[in-house]
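Visitor: Quick one: structure below, then a few questions.
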Amino acid sequence: MRVDLERTHLWIVGGGIAGMAAAAFAIRDAGVPGEHVHILEQLDVEGGSLDGARSPAVTDGWVTRGGRMLEEEAYRCTWDLFDSIPSLDDPDISVRQEIVDFNEKVRTNDKARLIDSRHRIIDASELGLGNRDRLEMMRLLGLPERALGARRIDEMFGAHFFTTNFWQMWRTTFAFQHWHSAAELRRYFLRFVQEFPRIHTLSGVRRTVYNQYDSMVVPLQRWMWTRGVDVRFATRVVDIDFAPAGQPRRAIRLHVDNAQGTSTIDLGEHDFLFATLGSITADTTYGGNDDVPPLIRDRADKSWSLWEQIAGKAPDFGRPNTFYGNIDENKWESFTLTMRGDTLLRRITEYTGNEPGTGALTTWFESGWHLSTVVPYQPHFPQQPRDVRTLWGYGFDIDNEGDYVRKKMSQATGKEILTELIHQYGFEDILDEVLATTDVTTVMMPYASALFSRRVPEDRPRVVPDGARNFAFLGQFTSLPEDVVFTVEYSVHGAMHAVYTLLGVDRPIPPIYHGLLDPKVGVGALEAAFR
């Protein structure tokens, strides 16, 4: 279909990284005028799950809900996008180049990837896989996804696999539980096979200078605004009307709620719709030093409601209940420390041998809450005072009892979580000082790993459904063959595919990286598996 750029308007539902990427690709590659691009975002900020902000729970504190690891080889669409976006600190270079330069200066080489219950840093370079584990991994890789169906990971592996260093590192790097989708784990093995030899150091990880909101979202937002993109905050799309059966498959109307009330937006013959479905940070709640973030179970913030509303209108629009229907399998809790003193970070540096920003992820694999932490390069926020430091962490088994704080993590206050963490390090001698100089922001996320839910292909809609003339779906809950969810790359790749397909962009989409096609990568992974 030929696109009339002078008459084309794009309506993008959701201002997360997928919606922002769709806007950028439409302007940069399809030539759509920026003022013809409209983003409808139900929150008062863009970026979606890519966040970094002042804490809503403690005074002068900072918080990020999650930490995202970028990757050199696999993130081809992401690098394609940010190669054309000027950086926040130096507009003469791109965000992509800024990340390259930063990682040349601050190299990731984790020296304390796993810590046991006796506070010992273990040699995680020994992956611990046995012959049966290797055979089971080969079997998983050899089965097509349709044959795997909705099988769990623990249906594909014996008990020993889940005791190995490999599993302890892989699960916490990528957030897998043993009951999650075997098909998603298979995709991760194929997509990140290059990480097998370096999973114990995470030296393949690429970080941004600041948190991803300030280093990626803000520069992209500024780029869009200078081109006149129309962003409407506090605007929620509650329903989409589609053309009746027998007519070309088109979206024809949006139903919108905002401060002025309920209204509709009619989509003309030259208009296109890109709608984000679902959210892994829906119903996020926050706690502080002395309280606990509540767990919301009833989808109160309506982030899932649009998908629920349209799912019944066509059999290929997916099944949202597959992903939001089991909160207890997918919830986690994260925490951000705001430290007004350097005692804790100095002790961590002495203990691990890693300066802030070089250590990636540390996991207490025998701890009751299955705690992990990241010490980012400082400052992690552009406005962060020089005498303030931050640290991020999360718990994977939040309904278990702590080893030192004898309650569930989900029922622990911020100070109690900090107390447990200090004991896990074995730093009891500085506990009182750290408690007195640190504020803790906790974050409860009911759907944090919902995208790993057991599923069959029909549970996710295609980015561009069959026959769709003017609409596409965006985000982590769409279907992209071979690619891996829970990555920035998935959102950007889907946006690129949607825009290029509907707007007829004559430019190749970067191909998915297949590490096993490189003999060196294959040999490296094989050697690592036998360590």
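Scheme for the structure tokens: letters A, B, ... for chains in order shown; per-chain residue numbers from 1; ligand numbers from 1 in order shown.
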At most 12 Å is the cut-off: for each residue in segment 445-500 of chain A with any atom that close to an atom of segment 387-408 of chain A, write down the nearest atom pair and the distance in Å rounded to one decimal, counting only C-alpha atoms, chain first then increasing number, as a Markdown table.
Guide:
```
| residue | atom | partner | partner_atom | distance |
| --- | --- | --- | --- | --- |
| A:Met445 | CA | A:Tyr394 | CA | 10.8 |
| A:Pro446 | CA | A:Ile398 | CA | 11.5 |
| A:Ala448 | CA | A:Phe396 | CA | 10.4 |
| A:Ser449 | CA | A:Phe396 | CA | 10.2 |
```
Visitor: Would you output that residue set with N, CA, C and O atoms, as a short mmCIF file (atom, residue, chain, number, x, y, z; two decimals), in the first residue's frame?
Guide:
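Listed below is the output, out.cif:
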```
data_model
loop_
_atom_site.label_atom_id
_atom_site.label_comp_id
_atom_site.auth_asym_id
_atom_site.auth_seq_id
_atom_site.Cartn_x
_atom_site.Cartn_y
_atom_site.Cartn_z
N MET A 445 6.31 -5.79 42.24
CA MET A 445 5.87 -5.88 40.84
C MET A 445 5.18 -7.21 40.61
O MET A 445 5.83 -8.26 40.52
N PRO A 446 3.85 -7.22 40.53
CA PRO A 446 3.12 -8.48 40.40
C PRO A 446 3.40 -9.27 39.12
O PRO A 446 3.25 -10.49 39.11
N ALA A 448 6.35 -9.06 37.07
CA ALA A 448 7.73 -8.79 36.63
C ALA A 448 8.24 -9.81 35.62
O ALA A 448 8.90 -9.45 34.65
N SER A 449 7.96 -11.08 35.83
CA SER A 449 8.42 -12.09 34.87
C SER A 449 7.26 -12.80 34.19
O SER A 449 7.38 -13.95 33.76
#
```
Visitor: Compile the contact shell of Val3 of chain A as a ChimeraX atom specification: residues with an atom at most 9 Å away, counting only C-alpha atoms, same-chain residues fewer than 6 positions apart removed.
Guide: /A:270,502-504
Visitor: For the residues in the current selection, export N, CA, C and O atoms as an mmCIF file, in the first residue's frame.
Guide:
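What follows is the written file part_20.cif:
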```cif
data_model
loop_
_atom_site.group_PDB
_atom_site.id
_atom_site.type_symbol
_atom_site.label_atom_id
_atom_site.label_comp_id
_atom_site.auth_asym_id
_atom_site.auth_seq_id
_atom_site.Cartn_x
_atom_site.Cartn_y
_atom_site.Cartn_z
ATOM 1 N N HIS A 270 -5.922 7.213 5.896
ATOM 2 C CA HIS A 270 -4.464 7.332 5.841
ATOM 3 C C HIS A 270 -3.817 7.178 7.215
ATOM 4 O O HIS A 270 -2.605 7.340 7.341
ATOM 5 N N LEU A 502 4.004 -1.872 7.848
ATOM 6 C CA LEU A 502 2.811 -1.098 7.516
ATOM 7 C C LEU A 502 3.116 0.107 6.633
ATOM 8 O O LEU A 502 2.320 0.458 5.755
ATOM 9 N N LEU A 503 4.266 0.732 6.830
ATOM 10 C CA LEU A 503 4.581 1.945 6.077
ATOM 11 C C LEU A 503 5.469 1.674 4.866
ATOM 12 O O LEU A 503 5.855 2.604 4.165
ATOM 13 N N GLY A 504 5.775 0.414 4.612
ATOM 14 C CA GLY A 504 6.497 0.049 3.401
ATOM 15 C C GLY A 504 7.915 0.595 3.342
ATOM 16 O O GLY A 504 8.377 1.009 2.272
#
```
Visitor: Tell me which protein, DNA and RNA residues are within 12 Å of Thr501 of chain A, counting only C-alpha atoms, leaving out same-chain ones fewer than 5 positions away, and put them as a ChimeraX atom specification.
Guide: /A:1-3,22,25-26,29-30,272,274,463-473,494-496,506-509
Visitor: Need the shell around Arg347 of chain A: protein/DNA/RNA residues with any atom at most 10 Å away, counting only C-alpha atoms. Skip same-chain ones fewer than 6 positions apart. Format as a PyMOL selection string?
Guide: chain A and resi 353+425+427+430
Visitor: Give the alpha helix (DSSP H) residues of segment 138-334 of chain A, as DSSP finds them on the backbone, and put them as a count of residues only.
Guide: 53
Visitor: Calculated over only C-alpha atoms, which of the candidates A:Ala57, A:Val205, A:Ala498, A:Val256 has the smallest distance to Glu72 of chain A?
Guide: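 Looking at the shortest contact to Glu72 of chain A, the residue is A:Val205.
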Visitor: Write out as a ChimeraX atom specification which residues come within 12 Å of Phe162 of chain A when counting only C-alpha atoms, dropping same-chain ones fewer than 3 positions away.
Guide: /A:127-130,133,153-159,165-171,176-179,365
Visitor: Choose the residue, out of A:Val434, A:Ala74, A:Ile348, A:Val505, that has the smallest atom-to-atom separation from Val193 of chain A; count only C-alpha atoms.
Guide: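 With only C-alpha atoms as the atom set, the closest residue is A:Ala74.
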Visitor: Have a look at A:Met224, A:Ile12, A:Thr338, A:Gly48 and name the one nearest to Ile27 of chain A; count only C-alpha atoms.
Guide: A:Met224
Visitor: Show me, as a list in words, the residues that have an atom within 10 Å of Ala53 of chain A when counting only C-alpha atoms, minus same-chain residues fewer than 2 positions from it.
Guide: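 Residues near the query, excluding close chain neighbours: Asp51, Ser55, Pro56, Gly61, Trp62, Val63, Thr64, Arg65, Asn211, Tyr213, Asp214, Phe381 and Gln383 of chain A.
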